[in-house]
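*Asks:* Structure file protein_0.cif, mmCIF, C-alpha atoms and all ligand atoms, is pasted below:
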data_run
loop_
_atom_site.group_PDB
_atom_site.id
_atom_site.type_symbol
_atom_site.label_atom_id
_atom_site.label_comp_id
_atom_site.auth_asym_id
_atom_site.auth_seq_id
_atom_site.Cartn_x
_atom_site.Cartn_y
_atom_site.Cartn_z
ATOM 1 C CA MET Z 8 -4.459 -3.637 -8.767
ATOM 2 C CA ILE Z 9 -2.037 -2.264 -6.197
ATOM 3 C CA ALA Z 10 0.407 -1.267 -8.955
ATOM 4 C CA LYS Z 11 -2.323 0.658 -10.782
ATOM 5 C CA ALA Z 12 -3.471 2.374 -7.569
ATOM 6 C CA ARG Z 13 0.138 3.253 -6.694
ATOM 7 C CA GLU Z 14 0.673 4.689 -10.173
ATOM 8 C CA TRP Z 15 -2.464 6.878 -9.835
ATOM 9 C CA LEU Z 16 -1.274 8.150 -6.446
ATOM 10 C CA GLN Z 17 2.232 8.899 -7.747
ATOM 11 C CA SER Z 18 1.105 10.772 -10.843
ATOM 12 C CA ALA Z 19 -1.846 12.759 -9.416
ATOM 13 C CA GLU Z 20 -1.410 16.432 -8.557
ATOM 14 C CA ARG Z 21 -4.252 16.554 -6.055
ATOM 15 C CA VAL Z 22 -4.813 13.555 -3.781
ATOM 16 C CA ALA Z 23 -7.203 13.461 -0.817
ATOM 17 C CA VAL Z 24 -7.765 10.786 1.820
ATOM 18 C CA LEU Z 25 -10.971 9.859 3.698
ATOM 19 C CA THR Z 26 -10.580 7.574 6.716
ATOM 20 C CA GLY Z 27 -12.825 5.801 9.207
ATOM 21 C CA ALA Z 28 -12.372 3.681 12.329
ATOM 22 C CA GLY Z 29 -10.756 0.843 10.331
ATOM 23 C CA ILE Z 30 -7.455 2.693 9.979
ATOM 24 C CA SER Z 31 -7.126 2.811 13.772
ATOM 25 C CA ALA Z 32 -8.111 -0.860 14.244
ATOM 26 C CA GLU Z 33 -4.478 -2.030 14.030
ATOM 27 C CA SER Z 34 -3.592 0.500 16.731
ATOM 28 C CA GLY Z 35 -6.000 -1.381 19.004
ATOM 29 C CA VAL Z 36 -8.930 1.080 18.781
ATOM 30 C CA PRO Z 37 -12.204 -0.888 18.526
ATOM 31 C CA THR Z 38 -14.204 -0.026 15.400
ATOM 32 C CA PHE Z 39 -17.860 1.000 15.663
ATOM 33 C CA ARG Z 40 -19.487 -1.768 13.698
ATOM 34 C CA GLY Z 41 -16.885 -4.483 13.610
ATOM 35 C CA PRO Z 42 -16.819 -7.645 15.784
ATOM 36 C CA GLY Z 43 -15.182 -5.676 18.637
ATOM 37 C CA GLY Z 44 -17.656 -2.861 17.918
ATOM 38 C CA LEU Z 45 -19.188 -2.902 21.357
ATOM 39 C CA TRP Z 46 -17.665 -0.183 23.484
ATOM 40 C CA ARG Z 47 -17.732 -1.533 27.038
ATOM 41 C CA ASN Z 48 -21.181 -3.103 26.463
ATOM 42 C CA HIS Z 49 -22.553 0.038 24.917
ATOM 43 C CA ARG Z 50 -23.426 0.649 21.257
ATOM 44 C CA PRO Z 51 -22.097 4.038 20.107
ATOM 45 C CA GLU Z 52 -25.480 4.863 18.533
ATOM 46 C CA ASP Z 53 -27.054 4.583 22.003
ATOM 47 C CA LEU Z 54 -24.609 6.829 23.850
ATOM 48 C CA ALA Z 55 -23.158 9.140 21.188
ATOM 49 C CA THR Z 56 -26.343 11.264 21.124
ATOM 50 C CA PRO Z 57 -27.556 14.512 22.756
ATOM 51 C CA GLU Z 58 -30.597 12.575 24.041
ATOM 52 C CA ALA Z 59 -28.389 10.091 25.943
ATOM 53 C CA PHE Z 60 -26.421 13.006 27.428
ATOM 54 C CA ALA Z 61 -29.642 14.783 28.478
ATOM 55 C CA ARG Z 62 -31.071 11.573 29.943
ATOM 56 C CA ASP Z 63 -27.979 10.406 31.834
ATOM 57 C CA PRO Z 64 -25.054 12.826 31.521
ATOM 58 C CA ARG Z 65 -22.873 10.946 33.988
ATOM 59 C CA LEU Z 66 -23.159 7.630 32.049
ATOM 60 C CA VAL Z 67 -22.128 9.387 28.822
ATOM 61 C CA GLN Z 68 -19.327 11.321 30.568
ATOM 62 C CA GLU Z 69 -17.961 8.120 32.192
ATOM 63 C CA TRP Z 70 -18.126 6.301 28.837
ATOM 64 C CA TYR Z 71 -16.108 9.066 27.156
ATOM 65 C CA ASP Z 72 -13.662 9.334 30.069
ATOM 66 C CA TRP Z 73 -13.061 5.577 29.610
ATOM 67 C CA ARG Z 74 -12.533 6.032 25.834
ATOM 68 C CA ARG Z 75 -10.291 9.103 26.380
ATOM 69 C CA GLY Z 76 -8.150 6.989 28.705
ATOM 70 C CA LEU Z 77 -7.915 4.220 26.079
ATOM 71 C CA VAL Z 78 -7.061 6.572 23.208
ATOM 72 C CA SER Z 79 -4.194 8.151 25.163
ATOM 73 C CA ARG Z 80 -2.535 4.689 25.228
ATOM 74 C CA TYR Z 81 -2.789 4.000 21.456
ATOM 75 C CA GLU Z 82 -0.033 4.675 18.920
ATOM 76 C CA PRO Z 83 -0.387 5.525 15.223
ATOM 77 C CA ASN Z 84 0.179 2.403 13.084
ATOM 78 C CA SER Z 85 1.960 1.850 9.752
ATOM 79 C CA GLY Z 86 -1.212 2.910 7.934
ATOM 80 C CA HIS Z 87 -1.294 6.328 9.643
ATOM 81 C CA GLN Z 88 2.465 6.665 9.023
ATOM 82 C CA ALA Z 89 2.156 5.832 5.307
ATOM 83 C CA LEU Z 90 -0.533 8.520 4.933
ATOM 84 C CA ALA Z 91 1.734 11.023 6.696
ATOM 85 C CA ARG Z 92 4.475 10.205 4.127
ATOM 86 C CA LEU Z 93 1.948 10.575 1.299
ATOM 87 C CA GLY Z 94 1.430 14.138 2.524
ATOM 88 C CA ALA Z 95 -2.156 14.446 1.208
ATOM 89 C CA PRO Z 96 -4.909 16.171 3.209
ATOM 90 C CA VAL Z 97 -6.695 13.659 5.462
ATOM 91 C CA ILE Z 98 -10.434 13.968 6.049
ATOM 92 C CA THR Z 99 -11.161 11.706 8.990
ATOM 93 C CA GLN Z 100 -14.321 10.525 10.744
ATOM 94 C CA ASN Z 101 -12.114 9.353 13.598
ATOM 95 C CA VAL Z 102 -11.895 11.328 16.815
ATOM 96 C CA ASP Z 103 -8.725 9.635 18.154
ATOM 97 C CA GLY Z 104 -6.141 12.163 16.913
ATOM 98 C CA LEU Z 105 -3.829 9.416 15.568
ATOM 99 C CA HIS Z 106 -3.410 11.012 12.117
ATOM 100 C CA GLN Z 107 -2.059 14.208 13.694
ATOM 101 C CA ARG Z 108 0.311 12.204 15.908
ATOM 102 C CA ALA Z 109 1.611 10.377 12.806
ATOM 103 C CA GLY Z 110 2.366 13.763 11.220
ATOM 104 C CA SER Z 111 -0.425 14.158 8.634
ATOM 105 C CA GLU Z 112 -1.247 17.766 7.814
ATOM 106 C CA PRO Z 113 -3.928 19.029 7.325
ATOM 107 C CA VAL Z 114 -6.251 16.671 9.191
ATOM 108 C CA LEU Z 115 -9.943 17.572 8.917
ATOM 109 C CA GLU Z 116 -11.806 16.010 11.860
ATOM 110 C CA VAL Z 117 -15.375 16.087 10.519
ATOM 111 C CA HIS Z 118 -16.681 14.325 13.647
ATOM 112 C CA GLY Z 119 -14.623 16.353 16.116
ATOM 113 C CA SER Z 120 -12.041 15.187 18.625
ATOM 114 C CA ILE Z 121 -12.367 13.043 21.737
ATOM 115 C CA GLY Z 122 -9.326 14.891 23.116
ATOM 116 C CA LEU Z 123 -11.414 18.065 23.423
ATOM 117 C CA ALA Z 124 -13.578 18.742 26.491
ATOM 118 C CA VAL Z 125 -16.252 21.447 26.085
ATOM 119 C CA CYS Z 126 -18.312 23.023 28.848
ATOM 120 C CA THR Z 127 -22.051 23.008 28.074
ATOM 121 C CA GLY Z 128 -22.413 25.948 30.452
ATOM 122 C CA CYS Z 129 -19.808 28.529 29.422
ATOM 123 C CA GLY Z 130 -18.417 26.941 26.246
ATOM 124 C CA ARG Z 131 -14.876 26.764 27.678
ATOM 125 C CA GLU Z 132 -12.689 24.342 25.642
ATOM 126 C CA ASP Z 133 -9.923 22.257 27.151
ATOM 127 C CA ARG Z 134 -7.466 19.840 25.507
ATOM 128 C CA ASP Z 135 -5.815 18.627 28.692
ATOM 129 C CA PRO Z 136 -5.981 14.796 28.485
ATOM 130 C CA ARG Z 137 -6.123 14.649 32.292
ATOM 131 C CA THR Z 138 -9.416 16.552 32.394
ATOM 132 C CA LEU Z 139 -12.258 14.261 33.497
ATOM 133 C CA LEU Z 140 -15.637 14.978 31.902
ATOM 134 C CA VAL Z 141 -17.381 13.779 35.074
ATOM 135 C CA GLU Z 142 -15.808 16.730 36.944
ATOM 136 C CA PRO Z 143 -17.647 20.089 36.810
ATOM 137 C CA CYS Z 144 -16.227 22.893 34.664
ATOM 138 C CA ALA Z 145 -13.322 24.649 36.439
ATOM 139 C CA GLY Z 146 -14.729 27.964 35.212
ATOM 140 C CA CYS Z 147 -18.457 27.850 35.872
ATOM 141 C CA GLY Z 148 -19.228 24.471 37.456
ATOM 142 C CA GLY Z 149 -21.182 23.447 34.351
ATOM 143 C CA LYS Z 150 -21.327 19.979 32.761
ATOM 144 C CA LEU Z 151 -18.489 18.970 30.417
ATOM 145 C CA ARG Z 152 -19.058 17.039 27.157
ATOM 146 C CA PRO Z 153 -16.600 15.614 24.601
ATOM 147 C CA GLY Z 154 -15.848 17.827 21.571
ATOM 148 C CA VAL Z 155 -17.219 15.179 19.191
ATOM 149 C CA VAL Z 156 -20.209 15.284 16.794
ATOM 150 C CA TRP Z 157 -23.040 13.125 18.167
ATOM 151 C CA PHE Z 158 -25.687 11.450 16.016
ATOM 152 C CA GLY Z 159 -28.281 14.064 15.133
ATOM 153 C CA GLU Z 160 -25.750 16.911 15.535
ATOM 154 C CA SER Z 161 -24.464 18.870 12.576
ATOM 155 C CA LEU Z 162 -20.822 18.707 11.584
ATOM 156 C CA PRO Z 163 -18.471 21.666 12.263
ATOM 157 C CA GLU Z 164 -19.314 24.022 9.407
ATOM 158 C CA GLU Z 165 -15.877 25.264 8.310
ATOM 159 C CA VAL Z 166 -14.286 21.813 8.592
ATOM 160 C CA TRP Z 167 -17.143 20.271 6.581
ATOM 161 C CA ALA Z 168 -17.023 22.986 3.905
ATOM 162 C CA GLU Z 169 -13.253 22.441 3.513
ATOM 163 C CA ALA Z 170 -13.741 18.647 3.344
ATOM 164 C CA VAL Z 171 -16.324 19.114 0.567
ATOM 165 C CA ARG Z 172 -14.022 21.517 -1.309
ATOM 166 C CA ILE Z 173 -11.034 19.153 -1.105
ATOM 167 C CA SER Z 174 -13.117 16.107 -2.148
ATOM 168 C CA ALA Z 175 -14.642 17.916 -5.122
ATOM 169 C CA ALA Z 176 -11.238 19.165 -6.320
ATOM 170 C CA CYS Z 177 -9.107 16.038 -5.926
ATOM 171 C CA GLU Z 178 -8.060 13.738 -8.799
ATOM 172 C CA VAL Z 179 -7.550 10.687 -6.581
ATOM 173 C CA LEU Z 180 -9.549 9.950 -3.410
ATOM 174 C CA LEU Z 181 -8.139 7.227 -1.143
ATOM 175 C CA VAL Z 182 -10.938 5.870 1.122
ATOM 176 C CA VAL Z 183 -9.605 3.791 4.005
ATOM 177 C CA GLY Z 184 -11.332 1.823 6.756
ATOM 178 C CA THR Z 185 -14.860 3.147 6.639
ATOM 179 C CA SER Z 186 -18.129 1.214 6.406
ATOM 180 C CA ALA Z 187 -19.495 4.224 4.497
ATOM 181 C CA VAL Z 188 -22.863 4.144 6.307
ATOM 182 C CA VAL Z 189 -22.645 7.369 8.314
ATOM 183 C CA TYR Z 190 -23.806 10.513 6.550
ATOM 184 C CA PRO Z 191 -22.970 13.106 5.464
ATOM 185 C CA ALA Z 192 -19.303 11.895 5.653
ATOM 186 C CA ALA Z 193 -20.075 8.915 3.408
ATOM 187 C CA SER Z 194 -21.286 11.291 0.679
ATOM 188 C CA LEU Z 195 -17.783 12.755 0.198
ATOM 189 C CA ALA Z 196 -16.757 9.894 -2.093
ATOM 190 C CA ARG Z 197 -19.687 10.677 -4.389
ATOM 191 C CA LEU Z 198 -18.804 14.382 -4.325
ATOM 192 C CA ALA Z 199 -15.356 13.513 -5.698
ATOM 193 C CA ARG Z 200 -16.831 13.414 -9.193
ATOM 194 C CA ARG Z 201 -13.604 13.872 -11.115
ATOM 195 C CA ALA Z 202 -11.538 11.599 -8.876
ATOM 196 C CA LYS Z 203 -10.390 8.043 -9.246
ATOM 197 C CA VAL Z 204 -11.548 6.386 -6.016
ATOM 198 C CA ILE Z 205 -9.301 3.798 -4.360
ATOM 199 C CA GLU Z 206 -10.849 1.905 -1.432
ATOM 200 C CA VAL Z 207 -8.807 0.017 1.177
ATOM 201 C CA ASN Z 208 -10.931 -2.261 3.370
ATOM 202 C CA PRO Z 209 -10.839 -5.974 4.296
ATOM 203 C CA GLU Z 210 -14.585 -6.075 3.599
ATOM 204 C CA GLU Z 211 -16.924 -4.929 0.871
ATOM 205 C CA THR Z 212 -18.813 -1.697 1.620
ATOM 206 C CA PRO Z 213 -21.624 0.248 -0.088
ATOM 207 C CA LEU Z 214 -18.796 2.246 -1.697
ATOM 208 C CA SER Z 215 -16.939 -0.730 -3.199
ATOM 209 C CA GLY Z 216 -19.085 -0.809 -6.354
ATOM 210 C CA ALA Z 217 -18.364 2.849 -7.136
ATOM 211 C CA ALA Z 218 -14.627 2.633 -6.391
ATOM 212 C CA HIS Z 219 -12.299 2.392 -9.420
ATOM 213 C CA VAL Z 220 -10.102 0.050 -7.389
ATOM 214 C CA SER Z 221 -11.167 -1.688 -4.180
ATOM 215 C CA LEU Z 222 -8.208 -3.292 -2.372
ATOM 216 C CA ARG Z 223 -9.268 -6.042 0.064
ATOM 217 C CA GLY Z 224 -6.931 -5.904 3.000
ATOM 218 C CA LYS Z 225 -5.747 -4.116 6.108
ATOM 219 C CA ALA Z 226 -4.685 -0.473 6.012
ATOM 220 C CA GLY Z 227 -1.471 -1.218 7.941
ATOM 221 C CA GLU Z 228 -0.409 -3.694 5.254
ATOM 222 C CA ILE Z 229 -1.716 -2.093 2.060
ATOM 223 C CA LEU Z 230 -0.992 1.616 2.595
ATOM 224 C CA PRO Z 231 2.800 1.183 2.952
ATOM 225 C CA GLN Z 232 2.708 -0.660 -0.436
ATOM 226 C CA LEU Z 233 0.764 2.206 -2.007
ATOM 227 C CA VAL Z 234 2.998 4.959 -0.712
ATOM 228 C CA GLU Z 235 6.625 4.789 -1.819
ATOM 229 C CA GLY Z 236 9.419 5.653 0.593
HETATM 230 C C1 LIG Z 301 -26.394 14.605 11.018
HETATM 231 C C2 LIG Z 301 -18.305 10.676 16.876
HETATM 232 C C3 LIG Z 301 -28.198 16.114 10.859
HETATM 233 C C4 LIG Z 301 -18.868 10.326 18.198
HETATM 234 C C5 LIG Z 301 -19.735 9.680 15.174
HETATM 235 C C6 LIG Z 301 -30.884 7.080 8.300
HETATM 236 C C7 LIG Z 301 -30.259 6.996 7.074
HETATM 237 C C8 LIG Z 301 -29.145 7.798 6.762
HETATM 238 C C9 LIG Z 301 -28.642 8.710 7.711
HETATM 239 C C10 LIG Z 301 -29.269 8.780 8.931
HETATM 240 C C11 LIG Z 301 -30.364 7.981 9.232
HETATM 241 N N1 LIG Z 301 -30.737 8.253 10.502
HETATM 242 C C12 LIG Z 301 -29.919 9.208 10.992
HETATM 243 C C13 LIG Z 301 -29.032 9.549 10.046
HETATM 244 C C14 LIG Z 301 -27.960 10.549 10.153
HETATM 245 C C15 LIG Z 301 -26.795 9.979 10.946
HETATM 246 C C16 LIG Z 301 -26.301 8.696 10.317
HETATM 247 O O1 LIG Z 301 -25.645 8.722 9.291
HETATM 248 N N2 LIG Z 301 -26.626 7.558 10.973
HETATM 249 C C17 LIG Z 301 -26.179 6.269 10.471
HETATM 250 C C18 LIG Z 301 -25.840 5.353 11.655
HETATM 251 C C19 LIG Z 301 -27.280 5.683 9.591
HETATM 252 N N3 LIG Z 301 -25.749 10.976 10.862
HETATM 253 C C20 LIG Z 301 -25.721 11.927 11.810
HETATM 254 O O2 LIG Z 301 -26.452 11.973 12.769
HETATM 255 C C21 LIG Z 301 -24.680 13.024 11.561
HETATM 256 N N4 LIG Z 301 -25.336 14.279 11.731
HETATM 257 O O3 LIG Z 301 -26.813 13.960 10.091
HETATM 258 O O4 LIG Z 301 -26.966 15.748 11.461
HETATM 259 C C22 LIG Z 301 -28.237 17.579 10.929
HETATM 260 C C23 LIG Z 301 -28.023 18.305 9.766
HETATM 261 C C24 LIG Z 301 -28.084 19.674 9.839
HETATM 262 C C25 LIG Z 301 -28.329 20.307 11.057
HETATM 263 C C26 LIG Z 301 -28.515 19.548 12.223
HETATM 264 C C27 LIG Z 301 -28.461 18.166 12.169
HETATM 265 C C28 LIG Z 301 -23.574 12.924 12.603
HETATM 266 C C29 LIG Z 301 -22.811 11.645 12.413
HETATM 267 C C30 LIG Z 301 -21.586 11.662 13.326
HETATM 268 C C31 LIG Z 301 -21.829 10.763 14.497
HETATM 269 N N5 LIG Z 301 -20.573 10.656 15.283
HETATM 270 N N6 LIG Z 301 -18.628 9.622 15.923
HETATM 271 C C32 LIG Z 301 -18.052 9.246 18.871
HETATM 272 O O5 LIG Z 301 -17.058 8.764 18.297
HETATM 273 O O6 LIG Z 301 -18.432 8.897 19.982
HETATM 274 S S1 LIG Z 301 -19.999 8.484 14.001
HETATM 275 C C33 LIG Z 301 -19.032 7.105 14.226
HETATM 276 O O7 LIG Z 301 -19.367 6.177 13.203
HETATM 277 C C34 LIG Z 301 -17.565 7.360 13.996
HETATM 278 O O8 LIG Z 301 -17.154 8.673 14.161
HETATM 279 C C35 LIG Z 301 -17.346 6.984 12.577
HETATM 280 O O9 LIG Z 301 -17.038 8.112 11.894
HETATM 281 C C36 LIG Z 301 -18.684 6.622 12.092
HETATM 282 C C37 LIG Z 301 -18.637 5.645 10.947
HETATM 283 O O10 LIG Z 301 -17.976 4.525 11.366
HETATM 284 P P1 LIG Z 301 -16.644 4.081 10.552
HETATM 285 O O11 LIG Z 301 -15.585 5.076 10.810
HETATM 286 O O12 LIG Z 301 -16.968 3.796 9.130
HETATM 287 O O13 LIG Z 301 -16.307 2.791 11.337
HETATM 288 P P2 LIG Z 301 -17.090 1.408 11.267
HETATM 289 O O14 LIG Z 301 -16.794 0.670 12.526
HETATM 290 O O15 LIG Z 301 -18.503 1.647 10.859
HETATM 291 O O16 LIG Z 301 -16.392 0.667 10.049
HETATM 292 C C38 LIG Z 301 -15.034 0.285 10.169
HETATM 293 C C39 LIG Z 301 -14.609 -0.145 8.792
HETATM 294 O O17 LIG Z 301 -13.226 -0.435 8.837
HETATM 295 C C40 LIG Z 301 -15.312 -1.409 8.335
HETATM 296 O O18 LIG Z 301 -15.719 -1.252 6.980
HETATM 297 C C41 LIG Z 301 -14.224 -2.491 8.444
HETATM 298 O O19 LIG Z 301 -14.348 -3.462 7.417
HETATM 299 C C42 LIG Z 301 -12.981 -1.676 8.220
HETATM 300 N N7 LIG Z 301 -11.761 -2.208 8.841
HETATM 301 C C43 LIG Z 301 -11.652 -2.988 9.950
HETATM 302 N N8 LIG Z 301 -10.338 -3.251 10.182
HETATM 303 C C44 LIG Z 301 -9.620 -2.613 9.212
HETATM 304 C C45 LIG Z 301 -10.525 -1.958 8.358
HETATM 305 N N9 LIG Z 301 -10.128 -1.234 7.298
HETATM 306 C C46 LIG Z 301 -8.799 -1.174 7.052
HETATM 307 N N10 LIG Z 301 -7.876 -1.776 7.828
HETATM 308 C C47 LIG Z 301 -8.252 -2.503 8.906
HETATM 309 N N11 LIG Z 301 -7.307 -3.115 9.666
HETATM 310 ZN ZN ZN Z 302 -18.065 26.250 32.173
#
Would you write the structure of this file as structure tokens?
Ligand code: BV8
Ligand code: ZN
*Replies:*
Amino acid sequence: MIAKAREWLQSAERVAVLTGAGISAESGVPTFRGPGGLWRNHRPEDLATPEAFARDPRLVQEWYDWRRGLVSRYEPNSGHQALARLGAPVITQNVDGLHQRAGSEPVLEVHGSIGLAVCTGCGREDRDPRTLLVEPCAGCGGKLRPGVVWFGESLPEEVWAEAVRISAACEVLLVVGTSAVVYPAASLARLARRAKVIEVNPEETPLSGAAHVSLRGKAGEILPQLVEG
């Protein structure tokens, strides 16, 4: 199975990668729906929404400040590094920036970036990791929010359009570490009509049946075997 998947990756002209929280699990980042999927006693679906921010902005800002602090301490793992060596475009649902730090290029962050702070008052954007969302905007005193896509919010248009274009054009789509339940990101694998789909995940997902090869295992162990060098 791995030999066949490696052969497809080696011989394809156009490869694309789609990743989810599972690829960052071995870096220590809790996944959303796994056993460690509770983020400091909060379910992401409860706090990663505009309604939660409207209801209790400080709770949501503190939760993201806590996550931003965590993410700054994580390192890319051997799975991120193997994908950087592969050199294919990475479409990621993750907001932790680990693909970029491993050297992947381009990285399409369809759910935004937790490293970005955006002012809901004047729209000012700030990538300084020391910025605290609980502090008012330095420019206008407005409330800061994380530059991520919340549930019920639409995805960044240009990034999404590019992700759709790359998925539809690729010959091999490598899907790593996603439970494939969040839409529209999960629909990208179905958009890759002409592609051979290789899934890497320790568990079965709704995508496993449609994948041409579904490799049961951890990204940090399997990806280095798939990517030579
Ligand atoms: C939108 C950023 C509309 C924030 C996130 C009912 C049915 C279908 C859809 C919906 C529905 N009700 C609502 C919806 C839409 C909703 C949705 O899909 N909900 C789901 C929960 C049903 N989607 C939205 O709201 C999207 N927007 O639809 O807007 C619209 C349209 C037009 C105009 C206006 C509005 C926005 C979705 C984005 C939400 N933001 N994150 C933040 O991070 O705080 S989503 C969040 O979950 C993450 O970003 C992640 O992307 C996403 C999915 O999680 P995964 O990445 O897959 O991670 P998960 O923990 O689930 O799975 C981990 C996997 O890794 C597992 O399979 C595990 O086995 C595996 N794994 C574990 N260890 C390893 C491993 N794999 C490899 N190696 C390992 N070591
Ligand atoms: Zn402002």
*Asks:* At most 8 Å is the cut-off: for each residue in chain Z with any atom that close to an atom of ligand LIG 301 (chain Z), write down the nearest atom pair and the distance in Å rounded to one decimal, counting all atoms listed in the file, chain first then increasing number, as a Markdown table.
*Replies:*
| residue | atom | partner | partner_atom | distance |
| --- | --- | --- | --- | --- |
| Z:Thr26 | CA | Z:LIG301 | O11 | 6.9 |
| Z:Gly27 | CA | Z:LIG301 | O11 | 3.3 |
| Z:Ala28 | CA | Z:LIG301 | O11 | 3.8 |
| Z:Gly29 | CA | Z:LIG301 | O17 | 3.2 |
| Z:Ile30 | CA | Z:LIG301 | N10 | 5.0 |
| Z:Ser31 | CA | Z:LIG301 | N11 | 7.2 |
| Z:Ala32 | CA | Z:LIG301 | N11 | 5.2 |
| Z:Glu33 | CA | Z:LIG301 | N11 | 5.3 |
| Z:Pro37 | CA | Z:LIG301 | O14 | 7.7 |
| Z:Thr38 | CA | Z:LIG301 | O14 | 3.9 |
| Z:Phe39 | CA | Z:LIG301 | O14 | 3.3 |
| Z:Arg40 | CA | Z:LIG301 | O14 | 3.8 |
| Z:Gly41 | CA | Z:LIG301 | O14 | 5.3 |
| Z:Gly44 | CA | Z:LIG301 | O14 | 6.5 |
| Z:Pro51 | CA | Z:LIG301 | O6 | 6.1 |
| Z:Glu52 | CA | Z:LIG301 | C18 | 6.9 |
| Z:Leu54 | CA | Z:LIG301 | O6 | 7.6 |
| Z:Ala55 | CA | Z:LIG301 | O6 | 4.9 |
| Z:Tyr71 | CA | Z:LIG301 | O6 | 7.5 |
| Z:Thr99 | CA | Z:LIG301 | O9 | 7.5 |
| Z:Gln100 | CA | Z:LIG301 | O9 | 3.8 |
| Z:Asn101 | CA | Z:LIG301 | O8 | 5.1 |
| Z:Val102 | CA | Z:LIG301 | O5 | 6.0 |
| Z:His118 | CA | Z:LIG301 | C2 | 5.1 |
| Z:Gly119 | CA | Z:LIG301 | C2 | 6.8 |
| Z:Ser120 | CA | Z:LIG301 | C2 | 7.9 |
| Z:Ile121 | CA | Z:LIG301 | O5 | 7.2 |
| Z:Val155 | CA | Z:LIG301 | C2 | 5.2 |
| Z:Val156 | CA | Z:LIG301 | N5 | 4.9 |
| Z:Trp157 | CA | Z:LIG301 | N5 | 4.5 |
| Z:Phe158 | CA | Z:LIG301 | O2 | 3.4 |
| Z:Gly159 | CA | Z:LIG301 | O2 | 3.6 |
| Z:Glu160 | CA | Z:LIG301 | O4 | 4.4 |
| Z:Ser161 | CA | Z:LIG301 | C27 | 4.1 |
| Z:Leu162 | CA | Z:LIG301 | N4 | 6.3 |
| Z:Val183 | CA | Z:LIG301 | C46 | 5.9 |
| Z:Gly184 | CA | Z:LIG301 | N9 | 3.3 |
| Z:Thr185 | CA | Z:LIG301 | O12 | 3.3 |
| Z:Ser186 | CA | Z:LIG301 | O18 | 3.5 |
| Z:Ala187 | CA | Z:LIG301 | O12 | 5.3 |
| Z:Val188 | CA | Z:LIG301 | C19 | 5.7 |
| Z:Val189 | CA | Z:LIG301 | O1 | 3.4 |
| Z:Tyr190 | CA | Z:LIG301 | O1 | 3.8 |
| Z:Pro191 | CA | Z:LIG301 | O3 | 6.1 |
| Z:Ala192 | CA | Z:LIG301 | C29 | 7.6 |
| Z:Val207 | CA | Z:LIG301 | C46 | 6.0 |
| Z:Asn208 | CA | Z:LIG301 | N9 | 4.1 |
| Z:Pro209 | CA | Z:LIG301 | O19 | 5.3 |
| Z:Glu210 | CA | Z:LIG301 | O19 | 4.6 |
| Z:Glu211 | CA | Z:LIG301 | O19 | 7.2 |
| Z:Thr212 | CA | Z:LIG301 | O18 | 6.2 |
| Z:Gly224 | CA | Z:LIG301 | N10 | 6.4 |
| Z:Lys225 | CA | Z:LIG301 | N10 | 3.6 |
| Z:Ala226 | CA | Z:LIG301 | N10 | 3.9 |
| Z:Gly227 | CA | Z:LIG301 | N11 | 6.4 |
*Asks:* Which residue out of Z:Ala91, Z:Leu181, Z:Val114, Z:Leu16 has the minimum interatomic distance to Trp167 in chain Z when only C-alpha atoms are used?
*Replies:*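 That would be Z:Val114, the residue with the smallest distance to Trp167 in chain Z.
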*Asks:* Could you name the residues that touch Cys147 in chain Z at 10 Å or less, counting all atoms listed in the file, but leaving out those on the same chain fewer than 3 positions away, as a ChimeraX atom specification?
*Replies:* /Z:126-131,143-144,150
*Asks:* Could you state the separation of CA of Asp103 in chain Z and CA of Leu230 in chain Z in Å, given to one decimal place?
*Replies:*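 Atom-to-atom, CA of Asp103 in chain Z to CA of Leu230 in chain Z, that is 19.1 Å.
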*Asks:* Figure out the distance between CA of Val117 in chain Z and CA of Ser79 in chain Z, please, to one decimal in Å.
*Replies:* 20.1 Å
*Asks:* Between Z:Glu142, Z:Glu116, Z:Glu82, Z:Glu69, single out the one closest to ligand ZN 302 (chain Z), counting all atoms listed in the file.
*Replies:*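 When distances to ligand ZN 302 (chain Z) are compared using all atoms listed in the file, the smallest one comes from Z:Glu142.
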*Asks:* Let me have the centre and edge lengths of the axis-aligned box enclosing all listed atoms of range 102-117 of chain Z with 4 Å padding on every side, in Å to one decimal, as lines of an AutoDock Vina configuration file.
*Replies:*
center_x = -6.5
center_y = 14.2
center_z = 12.7
size_x = 25.7
size_y = 17.6
size_z = 18.8
*Asks:* What is the distance between CA of Ser174 in chain Z and CA of Val97 in chain Z, in Å to one decimal?
*Replies:* 10.3 Å
*Asks:* Find the residues with any atom within 10 Å of (-7.3, 17.0, -6.4); use all atoms listed in the file and the coordinates as given in the file, and write the answer as a ChimeraX atom specification.
*Replies:* /Z:19-23,95-96,172-180,199,201-203
*Asks:* Looking at only C-alpha atoms and all ligand atoms, which of Z:Glu228, Z:Asp133, Z:Glu206, Z:Glu112 is the one that sits closest to ligand ZN 302 (chain Z)?
*Replies:*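 Ranked by minimum distance to ligand ZN 302 (chain Z), first place goes to Z:Asp133.
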*Asks:* What do you get, as a PyMOL selection string, if you spell out every residue that the PyMOL selection byres (((chain Z and resi 216) around 12) and not hetatm) selects here?
*Replies:* chain Z and resi 187+196-197+204-206+211-215+217-222
*Asks:* List the residues selected by the PyMOL selection byres (((chain Z and resi 88) around 9) and not hetatm) in the file shown, writing them as a list in words.
*Replies:*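 After applying the PyMOL selection byres (((chain Z and resi 88) around 9) and not hetatm), what remains is Pro83, Asn84, Ser85, Gly86, His87, Ala89, Leu90, Ala91, Arg92, Leu93, His106, Ala109, Gly110, Ser111, Gly227, Leu230 and Pro231 of chain Z.
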*Asks:* Between Z:Pro136, Z:Gly76, Z:Pro163, Z:Gly149, which one has atoms that come closest to Leu123 in chain Z, using only C-alpha atoms?
*Replies:*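 Between Z:Pro136, Z:Gly76, Z:Pro163, Z:Gly149, the residue approaching Leu123 in chain Z most closely is Z:Pro136.
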